[in-house]
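Data from work_39.csv: CSV, C-alpha atoms
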chain,number,residue,atom,x,y,z
T,6,MET,CA,263.8,66.4,51.1
T,7,ILE,CA,261.0,66.8,53.4
T,8,SER,CA,258.9,63.7,54.1
T,9,LEU,CA,255.2,64.2,54.7
T,10,LYS,CA,253.4,62.0,57.3
T,11,THR,CA,250.0,60.9,56.3
T,12,VAL,CA,247.2,61.7,59.0
T,13,LYS,CA,244.0,59.6,58.8
T,14,LEU,CA,240.8,61.8,59.5
T,15,PRO,CA,237.4,60.4,60.4
T,16,SER,CA,235.1,60.1,57.5
T,17,VAL,CA,231.8,62.0,57.0
T,18,VAL,CA,229.9,58.8,57.1
T,19,SER,CA,231.2,57.9,60.6
T,20,PHE,CA,229.9,61.3,61.9
T,21,ALA,CA,226.5,60.6,60.4
T,22,LEU,CA,226.2,57.2,61.9
T,23,LEU,CA,227.1,58.5,65.4
T,24,GLY,CA,224.4,61.2,65.1
T,25,ALA,CA,221.7,58.8,64.1
T,26,VAL,CA,222.5,56.5,67.0
T,27,SER,CA,222.4,59.3,69.5
T,28,LEU,CA,219.0,60.5,68.1
T,29,ALA,CA,217.5,57.0,68.3
T,30,LEU,CA,218.6,56.6,71.9
T,31,SER,CA,217.2,60.1,72.8
T,32,GLY,CA,213.8,59.2,71.1
T,33,CYS,CA,213.6,55.9,73.1
T,34,SER,CA,214.1,57.8,76.3
T,35,GLU,CA,211.4,60.3,75.5
T,36,GLU,CA,209.0,57.5,74.6
T,37,LYS,CA,209.6,55.7,77.8
T,38,LYS,CA,209.0,58.9,79.8
T,39,ALA,CA,205.7,59.4,77.9
T,40,GLU,CA,204.7,55.8,78.7
T,41,THR,CA,205.4,56.2,82.4
T,42,LYS,CA,203.4,59.5,82.6
T,43,GLU,CA,199.8,58.4,83.4
T,44,ILE,CA,196.9,60.7,82.5
T,45,LEU,CA,194.1,60.7,85.2
T,46,ARG,CA,190.7,62.4,84.6
T,47,PRO,CA,189.4,64.2,87.7
T,48,VAL,CA,185.8,63.3,88.5
T,49,LYS,CA,183.0,64.3,90.8
T,50,VAL,CA,181.4,61.4,92.6
T,51,VAL,CA,178.6,60.6,95.0
T,52,GLU,CA,178.8,57.8,97.5
T,53,ILE,CA,175.7,55.7,98.0
T,54,ALA,CA,174.7,55.8,101.6
T,55,LYS,CA,172.6,53.2,103.5
T,56,ALA,CA,168.9,53.9,103.5
T,57,GLY,CA,167.5,54.4,107.0
T,58,GLU,CA,164.8,52.0,108.3
T,59,THR,CA,162.8,54.9,109.6
T,60,ARG,CA,162.3,58.5,108.7
T,61,ALA,CA,161.1,61.5,110.7
T,62,LEU,CA,158.1,63.7,109.8
T,63,ASP,CA,158.3,67.2,111.2
T,64,TYR,CA,155.4,69.6,111.3
T,65,SER,CA,155.0,72.9,113.1
T,66,GLY,CA,151.9,74.1,114.8
T,67,ALA,CA,150.6,76.2,117.7
T,68,VAL,CA,149.6,75.3,121.2
T,69,LYS,CA,145.9,75.5,121.8
T,70,ALA,CA,143.4,74.6,124.5
T,71,ARG,CA,141.7,71.4,123.9
T,72,VAL,CA,138.3,73.2,124.3
T,73,GLU,CA,137.8,76.8,123.0
T,74,MET,CA,134.4,78.4,123.4
T,75,ASN,CA,133.0,81.1,121.1
T,76,LEU,CA,130.7,83.0,123.5
T,77,GLY,CA,127.8,85.0,122.0
T,78,PHE,CA,124.6,86.6,123.2
T,79,ARG,CA,121.5,84.4,123.1
T,80,VAL,CA,119.5,87.5,122.0
T,81,ALA,CA,120.1,90.2,119.5
T,82,GLY,CA,121.0,93.8,120.4
T,83,LYS,CA,123.6,96.5,120.6
T,84,ILE,CA,126.6,96.0,122.8
T,85,THR,CA,126.8,98.7,125.4
T,86,GLU,CA,129.7,97.4,127.5
T,87,ARG,CA,132.7,95.0,127.1
T,88,ARG,CA,134.3,94.1,130.4
T,89,VAL,CA,137.2,91.8,129.4
T,90,ASN,CA,140.3,92.1,127.1
T,91,ILE,CA,142.4,89.5,125.4
T,92,GLY,CA,144.5,87.6,128.0
T,93,ASP,CA,142.1,88.2,130.9
T,94,ARG,CA,141.2,85.2,133.1
T,95,VAL,CA,137.5,84.6,133.7
T,96,GLN,CA,135.7,82.5,136.2
T,97,PRO,CA,132.2,81.0,135.9
T,98,GLY,CA,129.6,83.8,136.2
T,99,ASP,CA,131.9,86.6,135.3
T,100,VAL,CA,130.2,89.2,133.0
T,101,ILE,CA,132.0,89.5,129.7
T,102,ALA,CA,129.7,92.0,127.9
T,103,ARG,CA,126.3,93.6,128.0
T,104,ILE,CA,123.8,94.6,125.4
T,105,ASP,CA,121.0,97.2,125.5
T,106,ALA,CA,118.1,95.4,127.4
T,107,THR,CA,115.5,98.2,127.1
T,108,ASP,CA,113.3,96.4,124.7
T,109,TYR,CA,113.5,93.2,126.7
T,110,GLU,CA,112.6,95.0,129.9
T,111,LEU,CA,109.5,96.6,128.2
T,112,ALA,CA,108.6,93.1,126.9
T,113,THR,CA,108.8,91.9,130.5
T,114,LYS,CA,106.4,94.6,131.7
T,115,THR,CA,104.0,93.7,128.9
T,116,ALA,CA,104.2,90.1,129.9
T,117,GLU,CA,103.5,91.0,133.5
T,118,ALA,CA,100.4,93.0,132.5
T,119,ASN,CA,99.2,90.2,130.3
T,120,LEU,CA,99.6,87.8,133.2
T,121,ALA,CA,97.7,90.0,135.5
T,122,ALA,CA,94.8,90.3,133.0
T,123,ALA,CA,94.9,86.5,132.5
T,124,GLU,CA,94.7,86.0,136.3
T,125,LYS,CA,91.5,88.2,136.5
T,126,GLY,CA,90.1,86.3,133.5
T,127,VAL,CA,90.6,83.1,135.4
T,128,GLY,CA,88.8,84.5,138.4
T,129,THR,CA,85.9,85.8,136.4
T,130,ALA,CA,85.6,82.4,134.5
T,131,ASP,CA,85.7,80.6,137.8
T,132,LEU,CA,82.8,82.6,139.3
T,133,ALA,CA,80.8,82.1,136.1
T,134,ASN,CA,81.5,78.4,136.2
T,135,LYS,CA,80.4,78.1,139.8
T,136,ARG,CA,77.2,80.1,139.2
T,137,ALA,CA,76.4,77.8,136.3
T,138,GLN,CA,76.9,74.8,138.4
T,139,GLN,CA,74.5,76.1,141.1
T,140,LEU,CA,71.8,76.9,138.6
T,141,PHE,CA,72.2,73.5,137.0
T,142,ASP,CA,71.9,71.9,140.4
T,143,LYS,CA,68.6,73.7,140.9
T,144,SER,CA,67.5,72.6,137.4
T,145,VAL,CA,67.3,76.3,136.3
T,146,THR,CA,69.7,76.1,133.4
T,147,ALA,CA,70.4,73.5,130.8
T,148,LYS,CA,73.5,71.3,131.0
T,149,SER,CA,74.9,72.9,127.8
T,150,GLN,CA,75.3,76.3,129.7
T,151,LEU,CA,77.1,74.5,132.4
T,152,GLU,CA,79.5,72.9,129.9
T,153,GLN,CA,80.1,76.2,128.2
T,154,ALA,CA,81.0,77.9,131.5
T,155,SER,CA,83.3,75.0,132.3
T,156,LEU,CA,85.0,75.4,128.9
T,157,SER,CA,85.4,79.1,129.4
T,158,TYR,CA,87.1,78.5,132.7
T,159,ASP,CA,89.5,76.0,131.2
T,160,GLN,CA,90.3,78.5,128.4
T,161,ALA,CA,91.0,81.3,130.9
T,162,VAL,CA,93.4,79.0,132.9
T,163,SER,CA,95.3,78.1,129.7
T,164,THR,CA,95.5,81.8,128.8
T,165,ARG,CA,96.9,82.5,132.3
T,166,ASP,CA,99.5,79.7,131.9
T,167,ALA,CA,100.6,81.1,128.5
T,168,ALA,CA,100.9,84.6,129.9
T,169,ARG,CA,103.0,83.2,132.8
T,170,SER,CA,105.3,81.4,130.4
T,171,SER,CA,105.7,84.6,128.3
T,172,LEU,CA,106.7,86.4,131.4
T,173,ASP,CA,109.3,83.8,132.2
T,174,GLN,CA,110.6,84.0,128.7
T,175,ALA,CA,110.8,87.8,128.8
T,176,LYS,CA,112.7,87.7,132.1
T,177,ASN,CA,115.1,85.2,130.6
T,178,GLN,CA,115.8,87.5,127.7
T,179,VAL,CA,116.6,90.3,130.1
T,180,SER,CA,119.1,88.1,131.8
T,181,TYR,CA,120.5,87.0,128.4
T,182,ALA,CA,121.4,90.7,127.9
T,183,GLU,CA,124.5,89.9,130.0
T,184,LEU,CA,127.1,87.6,128.4
T,185,LYS,CA,128.6,85.5,131.2
T,186,ALA,CA,131.4,82.9,131.3
T,187,ASP,CA,130.3,79.3,131.9
T,188,GLN,CA,133.7,77.9,132.9
T,189,SER,CA,137.1,79.2,133.9
T,190,GLY,CA,139.6,80.0,131.2
T,191,ILE,CA,141.5,82.7,129.3
T,192,VAL,CA,140.1,85.2,126.8
T,193,THR,CA,142.0,84.5,123.5
T,194,ALA,CA,140.0,86.7,121.1
T,195,ILE,CA,137.5,89.5,120.9
T,196,SER,CA,135.2,89.4,117.9
T,197,ALA,CA,132.8,92.3,118.6
T,198,ASP,CA,133.2,95.6,120.5
T,199,THR,CA,131.1,98.2,122.2
T,200,GLY,CA,128.6,99.8,119.8
T,201,THR,CA,128.3,96.7,117.6
T,202,VAL,CA,124.8,95.4,116.8
T,203,VAL,CA,125.0,91.6,117.0
T,204,ALA,CA,122.6,88.9,116.1
T,205,ALA,CA,121.8,86.1,118.4
T,206,GLY,CA,124.7,83.6,118.5
T,207,THR,CA,127.2,86.0,116.9
T,208,PRO,CA,130.6,85.3,118.6
T,209,VAL,CA,131.7,88.1,120.8
T,210,ALA,CA,134.7,86.6,122.7
T,211,THR,CA,136.6,83.3,122.6
T,212,VAL,CA,137.6,81.7,125.8
T,213,ALA,CA,140.2,78.9,126.1
T,214,LEU,CA,139.2,76.7,128.9
T,215,ASP,CA,141.6,75.6,131.6
T,216,GLY,CA,142.8,72.0,131.3
T,217,GLU,CA,144.5,69.9,128.7
T,218,LYS,CA,146.5,71.6,126.0
T,219,GLU,CA,147.3,70.3,122.6
T,220,VAL,CA,149.1,71.2,119.3
T,221,GLN,CA,147.3,71.5,116.0
T,222,ILE,CA,149.3,70.8,112.9
T,223,ALA,CA,148.5,70.6,109.2
T,224,VAL,CA,149.5,67.3,107.5
T,225,PRO,CA,149.5,66.8,103.7
T,226,GLU,CA,147.6,63.9,102.2
T,227,ASN,CA,150.8,61.9,101.4
T,228,ASP,CA,151.7,61.6,105.1
T,229,ILE,CA,148.2,61.6,106.8
T,230,ALA,CA,148.1,57.8,106.8
T,231,GLU,CA,151.1,57.9,109.3
T,232,PHE,CA,149.0,59.7,111.9
T,233,LYS,CA,146.5,57.6,113.7
T,234,PRO,CA,144.7,58.4,117.0
T,235,GLY,CA,146.8,57.1,119.9
T,236,LYS,CA,150.2,57.4,118.0
T,237,THR,CA,153.0,58.6,120.2
T,238,VAL,CA,155.0,61.6,118.9
T,239,LYS,CA,157.6,64.1,120.2
T,240,ALA,CA,156.7,67.7,120.8
T,241,SER,CA,159.5,70.3,121.0
T,242,PHE,CA,159.1,74.0,121.5
T,243,TRP,CA,161.0,76.9,120.0
T,244,SER,CA,160.9,78.7,123.3
T,245,SER,CA,163.3,76.2,124.9
T,246,ALA,CA,165.4,73.5,123.3
T,247,LYS,CA,165.2,71.5,126.6
T,248,LEU,CA,161.4,71.5,126.6
T,249,VAL,CA,160.5,68.2,124.9
T,250,LEU,CA,157.3,66.3,125.7
T,251,ASP,CA,155.7,63.0,124.7
T,252,GLY,CA,152.4,63.7,123.0
T,253,LYS,CA,149.7,61.5,121.5
T,254,VAL,CA,147.6,62.0,118.4
T,255,ARG,CA,144.1,62.7,119.7
T,256,GLU,CA,142.1,63.6,116.6
T,257,VAL,CA,142.6,63.5,112.8
T,258,SER,CA,140.3,65.5,110.5
T,259,GLY,CA,138.1,63.4,108.3
T,260,SER,CA,138.5,65.7,105.3
T,261,ALA,CA,141.1,68.0,103.9
T,262,ASP,CA,140.9,71.8,104.1
T,263,ALA,CA,139.3,73.2,101.0
T,264,GLN,CA,142.1,75.8,100.5
T,265,SER,CA,145.3,74.3,101.8
T,266,ARG,CA,144.4,70.6,101.0
T,267,THR,CA,145.9,69.5,104.3
T,268,PHE,CA,144.4,67.6,107.2
T,269,ALA,CA,144.1,69.0,110.7
T,270,VAL,CA,145.8,66.8,113.3
T,271,ARG,CA,145.5,67.5,117.1
T,272,VAL,CA,148.2,66.2,119.4
T,273,SER,CA,147.4,66.0,123.2
T,274,LEU,CA,150.2,67.2,125.6
T,275,PRO,CA,150.8,66.2,129.2
T,276,HIS,CA,150.4,69.0,131.8
T,277,ASP,CA,153.4,71.2,132.0
T,278,ASP,CA,153.3,74.8,133.4
T,279,ARG,CA,156.0,75.8,130.9
T,280,VAL,CA,153.7,75.2,128.0
T,281,LEU,CA,151.7,78.4,127.3
T,282,LEU,CA,148.9,79.0,124.8
T,283,GLY,CA,150.1,80.2,121.5
T,284,MET,CA,153.6,78.8,121.7
T,285,THR,CA,155.1,77.4,118.5
T,286,ALA,CA,155.7,73.7,118.7
T,287,THR,CA,157.2,71.1,116.3
T,288,ILE,CA,155.7,67.6,116.2
T,289,GLU,CA,158.1,64.9,115.2
T,290,ALA,CA,156.8,61.4,114.3
T,291,SER,CA,159.0,58.5,113.4
T,292,VAL,CA,157.6,56.2,110.6
T,293,SER,CA,158.9,53.2,108.8
T,294,ASN,CA,160.7,54.0,105.6
T,295,ALA,CA,159.0,52.1,102.9
T,296,ASN,CA,161.0,53.7,100.2
T,297,THR,CA,164.4,51.9,100.0
T,298,HIS,CA,165.3,53.3,96.6
T,299,VAL,CA,168.8,54.8,96.0
T,300,ALA,CA,168.7,58.5,95.0
T,301,ILE,CA,171.4,59.9,92.6
T,302,PRO,CA,171.7,63.2,90.7
T,303,LEU,CA,170.1,63.3,87.3
T,304,ALA,CA,173.5,64.1,85.8
T,305,ALA,CA,174.8,60.8,87.0
T,306,LEU,CA,172.4,58.9,84.7
T,307,ALA,CA,173.8,57.9,81.3
T,308,GLU,CA,172.7,55.6,78.4
T,309,LYS,CA,174.7,52.9,76.6
T,310,ASP,CA,173.5,50.5,74.0
T,311,GLY,CA,169.9,51.6,74.7
T,312,LYS,CA,170.2,50.8,78.4
T,313,LYS,CA,170.3,53.2,81.4
T,314,ILE,CA,173.6,53.0,83.1
T,315,VAL,CA,175.8,54.8,85.7
T,316,TRP,CA,179.5,54.9,85.9
T,317,VAL,CA,180.8,53.2,89.0
T,318,VAL,CA,184.4,53.9,90.3
T,319,ASP,CA,186.6,51.0,91.3
T,320,ARG,CA,188.3,52.3,94.4
T,321,ASP,CA,191.3,49.9,94.2
T,322,GLN,CA,192.0,50.3,90.5
T,323,GLN,CA,190.8,53.9,90.3
T,324,THR,CA,189.0,53.1,87.1
T,325,VAL,CA,185.3,53.5,86.0
T,326,HIS,CA,183.0,50.8,84.7
T,327,ALA,CA,179.5,51.0,83.3
T,328,ARG,CA,176.7,49.4,85.3
T,329,ASP,CA,173.1,48.8,84.3
T,330,VAL,CA,170.5,50.2,86.6
T,331,THR,CA,166.7,50.1,86.9
T,332,ILE,CA,164.9,53.4,87.4
T,333,ALA,CA,162.1,53.6,90.0
T,334,ASP,CA,161.0,57.2,89.3
T,335,PHE,CA,162.2,60.7,88.8
T,336,THR,CA,162.0,63.3,91.5
T,337,GLY,CA,162.7,67.0,91.8
T,338,ASP,CA,166.2,66.3,93.2
T,339,GLY,CA,167.3,63.6,90.8
T,340,VAL,CA,166.5,59.9,90.1
T,341,ASN,CA,165.5,57.0,92.3
T,342,ILE,CA,167.2,53.8,91.4
T,343,ALA,CA,165.4,50.6,92.2
T,344,ASP,CA,168.1,48.1,91.3
T,345,GLY,CA,171.8,48.1,90.3
T,346,LEU,CA,173.5,50.1,93.1
T,347,LYS,CA,174.5,49.1,96.7
T,348,THR,CA,175.7,50.9,99.7
T,349,GLY,CA,179.2,52.2,99.4
T,350,ASP,CA,179.3,52.5,95.6
T,351,LEU,CA,181.0,55.6,94.1
T,352,VAL,CA,179.0,56.9,91.2
T,353,VAL,CA,180.3,59.5,88.8
T,354,ALA,CA,178.0,62.5,89.3
T,355,ALA,CA,179.1,64.7,86.4
T,356,GLY,CA,180.8,64.4,83.0
T,357,THR,CA,179.5,61.0,82.2
T,358,GLN,CA,179.8,61.7,78.4
T,359,PHE,CA,183.6,61.6,78.8
T,360,MET,CA,183.6,58.2,80.6
T,361,THR,CA,184.8,54.9,79.0
T,362,ASP,CA,185.3,51.5,80.5
T,363,ASN,CA,188.6,51.1,82.5
T,364,LEU,CA,189.3,54.9,82.2
T,365,LYS,CA,191.7,56.0,85.0
T,366,VAL,CA,190.2,58.7,87.2
T,367,LYS,CA,191.3,60.9,90.0
T,368,LEU,CA,189.0,61.1,93.0
T,369,PRO,CA,188.4,64.3,94.9
T,370,GLY,CA,191.2,65.1,97.4
T,371,GLN,CA,193.6,62.6,95.7
T,372,GLN,CA,197.1,63.9,95.0
T,373,SER,CA,199.0,62.9,91.9
T,374,ALA,CA,202.0,64.6,90.5
T,375,SER,CA,201.6,62.9,87.1
T,376,ALA,CA,197.9,63.6,86.7
T,377,GLU,CA,196.8,66.3,84.3
T,378,THR,CA,194.2,68.7,85.6
T,379,GLY,CA,192.0,68.8,82.5
T,380,SER,CA,188.8,69.6,84.5
T,381,GLU,CA,187.9,70.8,87.9
T,382,THR,CA,187.6,68.2,90.6
T,383,GLY,CA,184.3,68.0,92.5
T,384,ASP,CA,183.7,67.1,96.1
T,385,VAL,CA,182.5,63.8,97.3
T,386,VAL,CA,178.8,64.0,98.2
T,387,ARG,CA,177.5,61.5,100.7

Conversion result in structure tokens:
Amino acid sequence: MISLKTVKLPSVVSFALLGAVSLALSGCSEEKKAETKEILRPVKVVEIAKAGETRALDYSGAVKARVEMNLGFRVAGKITERRVNIGDRVQPGDVIARIDATDYELATKTAEANLAAAEKGVGTADLANKRAQQLFDKSVTAKSQLEQASLSYDQAVSTRDAARSSLDQAKNQVSYAELKADQSGIVTAISADTGTVVAAGTPVATVALDGEKEVQIAVPENDIAEFKPGKTVKASFWSSAKLVLDGKVREVSGSADAQSRTFAVRVSLPHDDRVLLGMTATIEASVSNANTHVAIPLAALAEKDGKKIVWVVDRDQQTVHARDVTIADFTGDGVNIADGLKTGDLVVAAGTQFMTDNLKVKLPGQQSASAETGSETGDVVR
């Protein structure tokens, strides 16, 4: 007889229990991994820099002579000759241009003839006056005739003096037909050429006198208060980076230009042979910085509970926190903050709608293997 040996097999319930335990352990492990994996949100930030105590004002201008003369004829006429060109150097007495003096020469001849006639009239009146005096002394004529002869003589003398003055005036007009330089300088402009009929006083040539040079700049009204006569400024020139001179504000226009709405400011320069007329110069003036407001981008400004806030990053904890701010004004570049921020603060510059208090963030340039790149990281703007 064959005896059978009973073999004990594991039950189905035991297998089920083992499977449940292993699944529970696996779930706990995955949960722990999820807890250890920290999600960081990349942010773009700006760092608040210290406001300078001074600021520089830079304006460009051109080198000019302190005195520029617009020379013109003192009489009207047609220009027959121009003897100078732009850039020519002139000395006192040099002829710049001439006009047709024919009419003025004829007027001189007429004045000479009038003077000659007046001289003869004086001689005739003198003889008549002397004759009347002799007759009156002999009691031949009345005193009234003597007085009339005397008055006629005085009138003839006055006519002669007037004719003499007219002759001098006519001679002067002939001499005015030549336009001459009064002082030494350089011709910088020609306003009328040969063949042009000009009136008396019409500019024909402009001469920049030798001597002190200066730079003329145009300053807008918001900065004109910083330029006072006597203020020391720096003058640099595009022709050479090494050419820098100390200048002084000499003159400030009392009214703004009707078109540009800017004020003309003239800056005197010390003598330097390297400085030539027409050079482009930059005038730099240092002024006190009265505006101590902090500037931030407009996108950095947010609102919470009806208050204006910014999100400030805690460098140590790498978290963001809302901070109330006071707005000074809005500019074309962003917002000026009067209160609430200090030097060194890191302010979130974009994506403020995704920020919450104590939210972990990733700063630009920061490496983190566990961080998720949900958005593009910006650069730090200082």

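Of note, atom CA of Lys49 of chain T and atom CA of Ala307 of chain T are spaced 14.7 Å apart.
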
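Here atom CA of Asn134 of chain T and atom CA of Ala154 of chain T stand 4.8 Å from one another.
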
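Shortest separation to Gly345 of chain T among T:Leu111, T:Val280, T:Ile101, T:Ile53 occurs at residue T:Ile53, atoms counted being all atoms listed in the file.
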
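Atom CA of Ala137 of chain T is positioned 8.6 Å from atom CA of Glu152 of chain T.
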
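With all atoms listed in the file as the atoms that count, the residue of T:Ile104, T:Glu226, T:Met284, T:Gly98 with the shortest distance to Ser245 of chain T is T:Met284.
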
- Query: Could you name the residues that touch Ile342 of chain T at 7 Å or less, counting only C-alpha atoms, but leaving out those on the same chain fewer than 4 positions away, as number ranges by chain?
  - Reply: T: 298-300, 330-333

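Closest to Leu172 of chain T among T:Arg71, T:Lys114, T:Arg94, T:Lys239 is T:Lys114, based on only C-alpha atoms.
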
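With all atoms listed in the file as the atoms that count, the residue of T:Val50, T:Gly77, T:Thr107, T:Val220 with the shortest distance to Trp316 of chain T is T:Val50.
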